[in-house]
$ cat structure-v4.cif   # mmCIF, C-alpha atoms (C1' of nucleotides)
data_structure
#
loop_
_atom_site.label_atom_id
_atom_site.label_comp_id
_atom_site.auth_asym_id
_atom_site.auth_seq_id
_atom_site.Cartn_x
_atom_site.Cartn_y
_atom_site.Cartn_z
CA MET A 1 35.41 -58.76 -24.12
CA LYS A 2 37.52 -61.80 -23.28
CA SER A 3 40.93 -62.64 -24.68
CA SER A 4 39.65 -66.02 -25.85
CA GLU A 5 37.26 -64.22 -28.18
CA LEU A 6 40.00 -62.24 -29.88
CA THR A 7 41.91 -63.15 -32.99
CA GLY A 8 45.67 -62.94 -32.80
CA ASP A 9 45.63 -59.69 -34.72
CA GLU A 10 43.06 -58.14 -32.43
CA LEU A 11 45.06 -59.24 -29.41
CA VAL A 12 48.15 -57.55 -30.84
CA GLN A 13 46.14 -54.40 -31.37
CA VAL A 14 44.79 -54.41 -27.82
CA LEU A 15 48.19 -55.04 -26.29
CA SER A 16 49.94 -52.36 -28.29
CA THR A 17 47.16 -49.96 -27.40
CA LEU A 18 47.52 -50.65 -23.69
CA SER A 19 51.31 -50.51 -23.69
CA ASN A 20 51.39 -46.76 -23.26
CA PRO A 21 51.43 -44.79 -19.99
CA HIS A 22 48.99 -42.15 -21.26
CA ARG A 23 46.44 -44.69 -22.33
CA ILE A 24 46.69 -46.58 -19.03
CA ARG A 25 46.09 -43.31 -17.20
CA ILE A 26 43.10 -42.59 -19.44
CA ILE A 27 41.52 -45.93 -18.61
CA ALA A 28 42.21 -45.31 -14.93
CA ALA A 29 40.62 -41.87 -15.12
CA LEU A 30 37.52 -43.21 -16.86
CA MET A 31 37.01 -45.68 -13.99
CA ASP A 32 35.46 -42.76 -12.09
CA GLY A 33 32.75 -42.53 -14.73
CA ARG A 34 32.22 -41.07 -18.17
CA GLU A 35 33.99 -37.89 -19.09
CA TYR A 36 34.19 -35.51 -22.00
CA VAL A 37 37.37 -34.77 -23.86
CA SER A 38 38.30 -31.28 -22.74
CA ARG A 39 37.65 -31.97 -19.07
CA LEU A 40 39.56 -35.23 -19.22
CA ALA A 41 42.51 -33.39 -20.78
CA ARG A 42 42.51 -30.92 -17.89
CA ARG A 43 42.33 -33.71 -15.31
CA LEU A 44 45.22 -35.58 -16.88
CA GLU A 45 47.17 -32.40 -17.57
CA ILE A 46 47.84 -33.20 -21.19
CA SER A 47 46.90 -31.32 -24.34
CA ARG A 48 43.52 -31.97 -25.89
CA ALA A 49 45.09 -32.85 -29.23
CA LEU A 50 47.25 -35.50 -27.60
CA LEU A 51 44.34 -36.89 -25.65
CA GLN A 52 42.24 -37.16 -28.80
CA VAL A 53 44.94 -39.17 -30.51
CA HIS A 54 45.06 -41.63 -27.62
CA LEU A 55 41.28 -41.83 -27.32
CA ARG A 56 41.04 -42.66 -31.00
CA LYS A 57 43.46 -45.54 -30.50
CA LEU A 58 41.59 -46.82 -27.49
CA GLU A 59 38.33 -46.64 -29.39
CA ALA A 60 39.80 -48.41 -32.42
CA ALA A 61 40.86 -51.26 -30.15
CA GLY A 62 37.36 -51.46 -28.68
CA LEU A 63 38.48 -50.48 -25.19
CA VAL A 64 36.46 -47.28 -24.86
CA GLU A 65 33.26 -46.01 -26.42
CA ALA A 66 32.19 -42.51 -27.38
CA THR A 67 28.79 -40.89 -27.44
CA LEU A 68 28.22 -37.42 -28.80
CA GLU A 69 25.65 -35.53 -26.74
CA LEU A 70 24.26 -32.04 -26.53
CA SER A 71 24.67 -30.37 -23.15
CA PRO A 72 21.67 -28.43 -21.72
CA GLU A 73 23.24 -25.25 -23.14
CA GLY A 74 23.39 -26.79 -26.60
CA LYS A 75 27.11 -27.46 -26.73
CA ALA A 76 28.25 -30.67 -28.38
CA MET A 77 30.08 -32.84 -25.87
CA LYS A 78 31.81 -36.12 -26.62
CA TYR A 79 31.63 -38.47 -23.68
CA TYR A 80 33.90 -41.46 -23.39
CA THR A 81 33.20 -44.61 -21.39
CA ILE A 82 35.20 -47.74 -20.68
CA CYS A 83 34.17 -50.91 -22.45
CA GLN A 84 34.50 -53.67 -19.90
CA PHE A 85 37.21 -56.11 -20.88
CA ALA A 86 39.04 -58.97 -19.23
CA ILE A 87 42.04 -60.27 -21.09
CA GLU A 88 43.96 -63.18 -19.74
CA LEU A 89 47.64 -62.99 -20.58
CA THR A 90 49.28 -66.38 -20.17
CA PRO A 91 51.55 -68.47 -22.37
CA GLN A 92 48.55 -70.73 -23.01
CA ALA A 93 46.34 -67.84 -24.12
CA LEU A 94 49.07 -66.55 -26.43
CA ALA A 95 49.59 -70.00 -27.92
CA ALA A 96 45.87 -70.17 -28.60
CA ALA A 97 45.93 -66.82 -30.35
CA ALA A 98 49.08 -67.44 -32.38
CA PRO A 99 47.46 -69.57 -35.13
CA THR A 100 45.02 -66.77 -35.91
CA LEU A 101 47.73 -64.20 -36.55
CA SER A 102 47.45 -63.07 -40.16
CA TYR A 103 51.21 -63.44 -40.26
CA GLU A 104 50.89 -67.16 -39.49
CA GLU A 105 48.00 -67.63 -41.87
CA ALA A 106 50.04 -66.20 -44.73
CA ARG A 107 52.88 -68.55 -43.87
CA LEU A 108 50.60 -71.59 -43.85
CA ARG A 109 49.06 -70.56 -47.16
CA ASP A 110 52.50 -70.65 -48.74
CA ASP A 111 53.40 -73.99 -47.15
CA PRO A 112 50.20 -75.97 -46.53
CA GLN A 113 51.92 -79.31 -45.84
CA GLU A 114 53.66 -78.19 -42.70
CA GLN A 115 50.48 -77.69 -40.78
CA GLY A 116 50.29 -79.51 -37.43
CA MET B 1 54.46 -63.51 -12.32
CA LYS B 2 51.12 -61.84 -11.70
CA SER B 3 50.01 -58.46 -13.01
CA SER B 4 49.29 -57.30 -9.46
CA GLU B 5 52.98 -57.67 -8.66
CA LEU B 6 54.09 -55.43 -11.49
CA THR B 7 54.71 -51.71 -11.36
CA GLY B 8 53.06 -49.60 -14.00
CA ASP B 9 56.33 -49.31 -15.87
CA GLU B 10 56.90 -53.05 -15.82
CA LEU B 11 53.38 -53.63 -17.06
CA VAL B 12 53.99 -51.26 -19.97
CA GLN B 13 57.15 -53.14 -20.81
CA VAL B 14 55.42 -56.53 -20.73
CA LEU B 15 52.53 -55.33 -22.86
CA SER B 16 54.72 -53.69 -25.48
CA THR B 17 56.84 -56.82 -25.59
CA LEU B 18 53.83 -59.04 -26.18
CA SER B 19 52.24 -56.76 -28.77
CA ASN B 20 54.25 -58.24 -31.61
CA PRO B 21 53.29 -61.20 -33.80
CA HIS B 22 56.79 -62.66 -33.84
CA ARG B 23 57.08 -62.62 -30.09
CA ILE B 24 53.66 -64.21 -29.64
CA ARG B 25 54.71 -66.97 -32.01
CA ILE B 26 57.93 -67.44 -30.07
CA ILE B 27 56.03 -67.91 -26.81
CA ALA B 28 53.69 -70.33 -28.57
CA ALA B 29 56.62 -72.31 -29.95
CA LEU B 30 58.29 -72.52 -26.55
CA MET B 31 55.13 -74.08 -25.11
CA ASP B 32 56.36 -77.35 -26.64
CA GLY B 33 59.41 -77.18 -24.39
CA ARG B 34 62.80 -75.55 -24.31
CA GLU B 35 64.57 -74.84 -27.55
CA TYR B 36 67.86 -73.43 -28.73
CA VAL B 37 68.14 -70.37 -30.91
CA SER B 38 69.11 -71.76 -34.31
CA ARG B 39 66.54 -74.55 -34.21
CA LEU B 40 63.82 -72.18 -33.08
CA ALA B 41 64.69 -69.87 -35.98
CA ARG B 42 64.27 -72.75 -38.43
CA ARG B 43 60.96 -73.78 -36.89
CA LEU B 44 59.58 -70.25 -37.06
CA GLU B 45 61.12 -69.61 -40.47
CA ILE B 46 62.73 -66.34 -39.50
CA SER B 47 66.36 -65.29 -39.53
CA ARG B 48 68.48 -66.06 -36.51
CA ALA B 49 69.46 -62.40 -36.13
CA LEU B 50 65.83 -61.35 -36.01
CA LEU B 51 64.96 -64.08 -33.54
CA GLN B 52 67.78 -63.03 -31.23
CA VAL B 53 66.52 -59.48 -31.13
CA HIS B 54 63.04 -60.66 -30.15
CA LEU B 55 64.37 -63.14 -27.60
CA ARG B 56 66.40 -60.39 -25.97
CA LYS B 57 63.24 -58.31 -25.59
CA LEU B 58 61.28 -61.21 -24.16
CA GLU B 59 64.08 -61.91 -21.71
CA ALA B 60 64.33 -58.24 -20.69
CA ALA B 61 60.63 -58.29 -19.89
CA GLY B 62 61.07 -61.42 -17.78
CA LEU B 63 58.89 -63.57 -20.04
CA VAL B 64 61.53 -66.11 -21.09
CA GLU B 65 64.75 -67.36 -19.56
CA ALA B 66 68.00 -68.47 -21.15
CA THR B 67 70.54 -71.06 -20.09
CA LEU B 68 73.80 -71.59 -21.88
CA GLU B 69 74.71 -75.27 -22.05
CA LEU B 70 77.30 -77.44 -23.67
CA SER B 71 75.92 -80.16 -25.89
CA PRO B 72 77.43 -83.67 -25.65
CA GLU B 73 79.62 -82.78 -28.65
CA GLY B 74 80.93 -79.71 -26.87
CA LYS B 75 78.98 -77.08 -28.80
CA ALA B 76 77.63 -74.13 -26.87
CA MET B 77 73.83 -74.06 -27.06
CA LYS B 78 71.58 -71.37 -25.68
CA TYR B 79 68.29 -72.81 -24.53
CA TYR B 80 65.25 -70.65 -23.94
CA THR B 81 62.32 -71.47 -21.67
CA ILE B 82 59.07 -69.71 -20.89
CA CYS B 83 58.74 -68.05 -17.52
CA GLN B 84 55.21 -68.78 -16.37
CA PHE B 85 53.17 -65.61 -16.15
CA ALA B 86 49.52 -64.75 -15.69
CA ILE B 87 48.64 -61.15 -16.28
CA GLU B 88 45.11 -59.98 -15.76
CA LEU B 89 44.16 -57.18 -18.11
CA THR B 90 41.08 -55.37 -16.84
CA PRO B 91 40.23 -51.70 -16.31
CA GLN B 92 40.59 -52.34 -12.58
CA ALA B 93 44.05 -53.83 -12.93
CA LEU B 94 45.16 -50.92 -15.12
CA ALA B 95 43.79 -48.41 -12.64
CA ALA B 96 45.77 -50.14 -9.91
CA ALA B 97 48.96 -49.95 -11.95
CA ALA B 98 48.50 -46.35 -13.10
CA PRO B 99 49.71 -44.66 -9.87
CA THR B 100 53.02 -46.51 -10.09
CA LEU B 101 53.84 -45.24 -13.56
CA SER B 102 57.02 -43.17 -13.35
CA TYR B 103 55.19 -40.68 -15.54
CA GLU B 104 52.55 -40.21 -12.85
CA GLU B 105 55.08 -40.10 -10.05
CA ALA B 106 56.92 -37.26 -11.73
CA ARG B 107 53.65 -35.39 -12.13
CA LEU B 108 52.77 -35.78 -8.45
CA ARG B 109 56.24 -34.65 -7.42
CA ASP B 110 55.70 -31.40 -9.24
CA ASP B 111 52.19 -30.88 -7.83
CA PRO B 112 51.96 -32.62 -4.46
CA GLN B 113 48.70 -30.97 -3.35
CA GLU B 114 46.56 -32.55 -6.05
CA GLN B 115 47.04 -36.05 -4.74
CA GLY B 116 43.82 -37.99 -4.11
"C1'" DG C 1 91.70 -77.00 -44.94
"C1'" DG C 2 86.75 -76.96 -45.71
"C1'" DC C 3 82.16 -77.68 -44.26
"C1'" DA C 4 78.25 -77.74 -41.14
"C1'" DC C 5 76.72 -76.49 -37.20
"C1'" DC C 6 76.60 -73.41 -32.73
"C1'" DT C 7 77.02 -68.53 -30.73
"C1'" DG C 8 77.33 -63.16 -30.67
"C1'" DC C 9 76.65 -58.20 -32.15
"C1'" DA C 10 76.24 -53.58 -34.52
"C1'" DA C 11 75.36 -50.54 -38.32
"C1'" DA C 12 72.06 -49.07 -41.67
"C1'" DA C 13 67.55 -48.65 -43.74
"C1'" DC C 14 62.98 -48.64 -43.07
"C1'" DT C 15 58.57 -48.14 -40.72
"C1'" DT C 16 55.69 -46.86 -37.08
"C1'" DC C 17 54.68 -44.18 -33.03
"C1'" DC C 18 54.54 -39.82 -30.40
"C1'" DG C 19 53.67 -35.06 -29.35
"C1'" DT C 20 53.31 -30.37 -30.83
"C1'" DT C 21 51.55 -26.75 -33.50
"C1'" DG C 22 48.20 -24.53 -36.00
"C1'" DC C 23 44.22 -24.43 -38.20
"C1'" DA C 24 39.08 -25.25 -38.92
"C1'" DG C 25 34.16 -25.54 -37.20
"C1'" DG C 26 30.40 -24.87 -33.48
"C1'" DT C 27 27.64 -22.99 -29.04
"C1'" DG C 28 26.23 -19.38 -25.37
"C1'" DC C 29 26.92 -15.05 -23.02
"C1'" DC C 30 28.31 -10.07 -22.06
"C1'" DG D 1 32.16 -8.23 -31.78
"C1'" DG D 2 34.88 -10.66 -28.32
"C1'" DC D 3 35.50 -14.22 -25.08
"C1'" DA D 4 35.12 -18.81 -23.08
"C1'" DC D 5 33.97 -22.96 -23.80
"C1'" DC D 6 33.03 -27.35 -26.92
"C1'" DT D 7 34.53 -30.19 -31.15
"C1'" DG D 8 37.68 -31.87 -35.21
"C1'" DC D 9 42.01 -32.92 -37.90
"C1'" DA D 10 46.39 -32.78 -40.65
"C1'" DA D 11 51.20 -31.80 -41.04
"C1'" DC D 12 55.73 -31.85 -39.21
"C1'" DG D 13 59.91 -33.36 -36.64
"C1'" DG D 14 61.85 -36.39 -33.65
"C1'" DA D 15 61.93 -40.82 -31.12
"C1'" DA D 16 61.50 -45.63 -31.05
"C1'" DG D 17 60.72 -50.17 -32.99
"C1'" DT D 18 61.72 -53.56 -36.75
"C1'" DT D 19 64.48 -56.14 -40.06
"C1'" DT D 20 68.37 -57.01 -42.97
"C1'" DT D 21 73.15 -57.42 -43.84
"C1'" DG D 22 77.63 -58.47 -42.65
"C1'" DC D 23 80.96 -59.50 -39.61
"C1'" DA D 24 83.19 -61.86 -35.49
"C1'" DG D 25 84.03 -66.00 -32.47
"C1'" DG D 26 83.61 -71.19 -31.33
"C1'" DT D 27 82.97 -76.72 -31.89
"C1'" DG D 28 83.28 -81.39 -34.40
"C1'" DC D 29 84.03 -84.13 -38.50
"C1'" DC D 30 85.77 -85.67 -43.23
#

$ encode --input "structure-v4.cif" --output "structure tokens"
Amino acid sequence: MKSSELTGDELVQVLSTLSNPHRIRIIAALMDGREYVSRLARRLEISRALLQVHLRKLEAAGLVEATLELSPEGKAMKYYTICQFAIELTPQALAAAAPTLSYEEARLRDDPQEQG
Amino acid sequence: MKSSELTGDELVQVLSTLSNPHRIRIIAALMDGREYVSRLARRLEISRALLQVHLRKLEAAGLVEATLELSPEGKAMKYYTICQFAIELTPQALAAAAPTLSYEEARLRDDPQEQG
DNA sequence: GGCACCTGCAAAACTTCCGTTGCAGGTGCC
DNA sequence: GGCACCTGCAACGGAAGTTTTGCAGGTGCC
């Protein structure tokens, strides 16, 4: 995933998702390889409920991926993996994304003549 | 400013600052060159009070810079400029920033033996 | 003086985010 | 049955972010 492929709204979502210490630590922890929820919670020393909330956000933003698997003993395990992404954060990239913000689109709809 | 030069905490601040449609539009508008507050507010069609709040955040994160100048007529004008920045947002970059989160540092202080 | 412009800020209302708590379901094993 | 694991989620209270409203100061010009 590259920043140039994102709409303004998606970029906002990704940035707000990554602007949280817990979620940065989660990404860092998943760099070692896939992990299931309960074990990840123990490694990060946070509650499982809290971790699930953050994982849901990361998944909604397309930054991690989940696969539900059955362990050899038959237990359901949810494994999370990082989705590779490379987002370039420069004034130029932001300017390119700005026109595709739904905010901006709504404004232009109301005032079509001021485009350009 | 490069992402590799930022601490985890600074990165969080930059990301949360940029995860807002208004502030992305402000950066985009300042790409055309420096601008003073009231005129920028008219261009963006938002209230001056609201713009000031967002400009303060952008300045606190080191993304824009302000200079107070006197116009030829003697009016005080506050001009804002973009600070060039290039932040690389990848899992690797986040993993590099994670150990410098104050959150993480506090955790390691409490439990020194689990480092590594 | 009155108007048009420039600046600043803080209180209040509203919305969203965060983290905990407590509950539900399931499996295998002793 | 009881215990140790795995999963899920919703509700609540408190913290933080967002936006409006209203006020203050200043300049120059008619």

$ resolve_selection --input "structure-v4.cif" --expression "the PyMOL selection byres ((chain C) within 9 of (chain A))" --output "PDB file with C-alpha atoms (C1' of nucleotides), in the frame of the given file"
ATOM      1  C1'  DC C  18      54.540 -39.820 -30.400  1.00  0.00           C
ATOM      2  C1'  DG C  19      53.670 -35.060 -29.350  1.00  0.00           C
ATOM      3  C1'  DT C  20      53.310 -30.370 -30.830  1.00  0.00           C
ATOM      4  C1'  DG C  26      30.400 -24.870 -33.480  1.00  0.00           C
ATOM      5  C1'  DT C  27      27.640 -22.990 -29.040  1.00  0.00           C
ATOM      6  C1'  DG C  28      26.230 -19.380 -25.370  1.00  0.00           C
TER       7       DG C  28
END

$ resolve_selection --input "structure-v4.cif" --expression "the PyMOL selection byres ((chain B and resi 27-33) around 7)" --output "count of residues only"
12

$ resolve_selection --input "structure-v4.cif" --expression "the PyMOL selection byres ((chain D) within 10 of (chain B))" --output "PyMOL selection string"
chain D and resi 18-21+26-28

$ atom_distance --input "structure-v4.cif" --atom1 "CA of Ile87 (chain B)" --atom2 "CA of Leu51 (chain B)"
23.9 Å

$ axis_aligned_box --input "structure-v4.cif" --around "region 1-14 of chain D" --padding-each-side "8 Å" --output "AutoDock Vina command-line options"
--center_x 47.0 --center_y -22.3 --center_z -32.1 --size_x 45.7 --size_y 44.2 --size_z 34.0

$ residues_around --input "structure-v4.cif" --residues "region 15-22 of chain B" --least-positions-apart "6" --cutoff "6 Å" --atoms "only C-alpha atoms (C1' of nucleotides)" --output "number ranges by chain"
A: 12, 15-16, 19

$ closest_residue --input "structure-v4.cif" --among "B:Leu6, B:Glu65, B:Leu40, B:Leu101" --to "chain A" --atoms "all atoms listed in the file"
B:Leu101

$ atom_distance --input "structure-v4.cif" --atom1 "CA of Arg42 (chain B)" --atom2 "C1' of DG25 (chain D)"
21.7 Å

$ atom_distance --input "structure-v4.cif" --atom1 "CA of Tyr79 (chain B)" --atom2 "CA of Arg56 (chain B)"
12.6 Å

$ closest_residue --input "structure-v4.cif" --among "B:Leu89, B:Ser38, B:Gln52, B:Ile46" --to "chain A" --atoms "all atoms listed in the file"
B:Leu89

$ closest_residue --input "structure-v4.cif" --among "A:Lys78, A:Arg43, A:Lys57, A:Arg48" --to "chain B" --atoms "all atoms listed in the file"
A:Arg43

$ closest_residue --input "structure-v4.cif" --among "B:Glu59, B:Gln13, B:Thr7, B:Ala41" --to "chain A" --atoms "only C-alpha atoms"
B:Gln13

$ build_atoms --input "structure-v4.cif" --residues "region 22-35 of chain A" --atoms "N, CA, C and O atoms" --output "PDB file, keeping the file's coordinate frame"
ATOM      1  N   HIS A  22      50.133 -43.053 -21.126  1.00  0.00           N
ATOM      2  CA  HIS A  22      48.990 -42.150 -21.260  1.00  0.00           C
ATOM      3  C   HIS A  22      47.685 -42.923 -21.318  1.00  0.00           C
ATOM      4  O   HIS A  22      46.705 -42.587 -20.663  1.00  0.00           O
ATOM      5  N   ARG A  23      47.700 -43.977 -22.126  1.00  0.00           N
ATOM      6  CA  ARG A  23      46.440 -44.690 -22.330  1.00  0.00           C
ATOM      7  C   ARG A  23      46.049 -45.480 -21.085  1.00  0.00           C
ATOM      8  O   ARG A  23      44.846 -45.637 -20.793  1.00  0.00           O
ATOM      9  N   ILE A  24      47.019 -45.935 -20.310  1.00  0.00           N
ATOM     10  CA  ILE A  24      46.690 -46.580 -19.030  1.00  0.00           C
ATOM     11  C   ILE A  24      46.072 -45.547 -18.092  1.00  0.00           C
ATOM     12  O   ILE A  24      45.062 -45.820 -17.429  1.00  0.00           O
ATOM     13  N   ARG A  25      46.640 -44.353 -18.070  1.00  0.00           N
ATOM     14  CA  ARG A  25      46.090 -43.310 -17.200  1.00  0.00           C
ATOM     15  C   ARG A  25      44.682 -42.916 -17.641  1.00  0.00           C
ATOM     16  O   ARG A  25      43.832 -42.583 -16.810  1.00  0.00           O
ATOM     17  N   ILE A  26      44.440 -42.933 -18.944  1.00  0.00           N
ATOM     18  CA  ILE A  26      43.100 -42.590 -19.440  1.00  0.00           C
ATOM     19  C   ILE A  26      42.082 -43.611 -18.959  1.00  0.00           C
ATOM     20  O   ILE A  26      41.009 -43.253 -18.457  1.00  0.00           O
ATOM     21  N   ILE A  27      42.427 -44.888 -19.104  1.00  0.00           N
ATOM     22  CA  ILE A  27      41.520 -45.930 -18.610  1.00  0.00           C
ATOM     23  C   ILE A  27      41.281 -45.746 -17.115  1.00  0.00           C
ATOM     24  O   ILE A  27      40.133 -45.803 -16.640  1.00  0.00           O
ATOM     25  N   ALA A  28      42.352 -45.494 -16.380  1.00  0.00           N
ATOM     26  CA  ALA A  28      42.210 -45.310 -14.930  1.00  0.00           C
ATOM     27  C   ALA A  28      41.295 -44.134 -14.621  1.00  0.00           C
ATOM     28  O   ALA A  28      40.438 -44.218 -13.731  1.00  0.00           O
ATOM     29  N   ALA A  29      41.442 -43.056 -15.372  1.00  0.00           N
ATOM     30  CA  ALA A  29      40.620 -41.870 -15.120  1.00  0.00           C
ATOM     31  C   ALA A  29      39.157 -42.130 -15.439  1.00  0.00           C
ATOM     32  O   ALA A  29      38.257 -41.626 -14.762  1.00  0.00           O
ATOM     33  N   LEU A  30      38.908 -42.930 -16.465  1.00  0.00           N
ATOM     34  CA  LEU A  30      37.520 -43.210 -16.860  1.00  0.00           C
ATOM     35  C   LEU A  30      36.842 -44.191 -15.898  1.00  0.00           C
ATOM     36  O   LEU A  30      35.627 -44.401 -15.983  1.00  0.00           O
ATOM     37  N   MET A  31      37.610 -44.806 -15.007  1.00  0.00           N
ATOM     38  CA  MET A  31      37.010 -45.680 -13.990  1.00  0.00           C
ATOM     39  C   MET A  31      36.060 -44.883 -13.090  1.00  0.00           C
ATOM     40  O   MET A  31      35.104 -45.434 -12.538  1.00  0.00           O
ATOM     41  N   ASP A  32      36.322 -43.593 -12.932  1.00  0.00           N
ATOM     42  CA  ASP A  32      35.460 -42.760 -12.090  1.00  0.00           C
ATOM     43  C   ASP A  32      34.120 -42.469 -12.762  1.00  0.00           C
ATOM     44  O   ASP A  32      33.239 -41.865 -12.148  1.00  0.00           O
ATOM     45  N   GLY A  33      33.985 -42.810 -14.009  1.00  0.00           N
ATOM     46  CA  GLY A  33      32.750 -42.530 -14.730  1.00  0.00           C
ATOM     47  C   GLY A  33      33.051 -41.839 -16.042  1.00  0.00           C
ATOM     48  O   GLY A  33      34.190 -41.477 -16.331  1.00  0.00           O
ATOM     49  N   ARG A  34      32.037 -41.660 -16.856  1.00  0.00           N
ATOM     50  CA  ARG A  34      32.220 -41.070 -18.170  1.00  0.00           C
ATOM     51  C   ARG A  34      32.705 -39.637 -18.058  1.00  0.00           C
ATOM     52  O   ARG A  34      32.473 -38.952 -17.056  1.00  0.00           O
ATOM     53  N   GLU A  35      33.345 -39.197 -19.111  1.00  0.00           N
ATOM     54  CA  GLU A  35      33.990 -37.890 -19.090  1.00  0.00           C
ATOM     55  C   GLU A  35      34.071 -37.359 -20.507  1.00  0.00           C
ATOM     56  O   GLU A  35      34.151 -38.143 -21.456  1.00  0.00           O
TER      57      GLU A  35
END
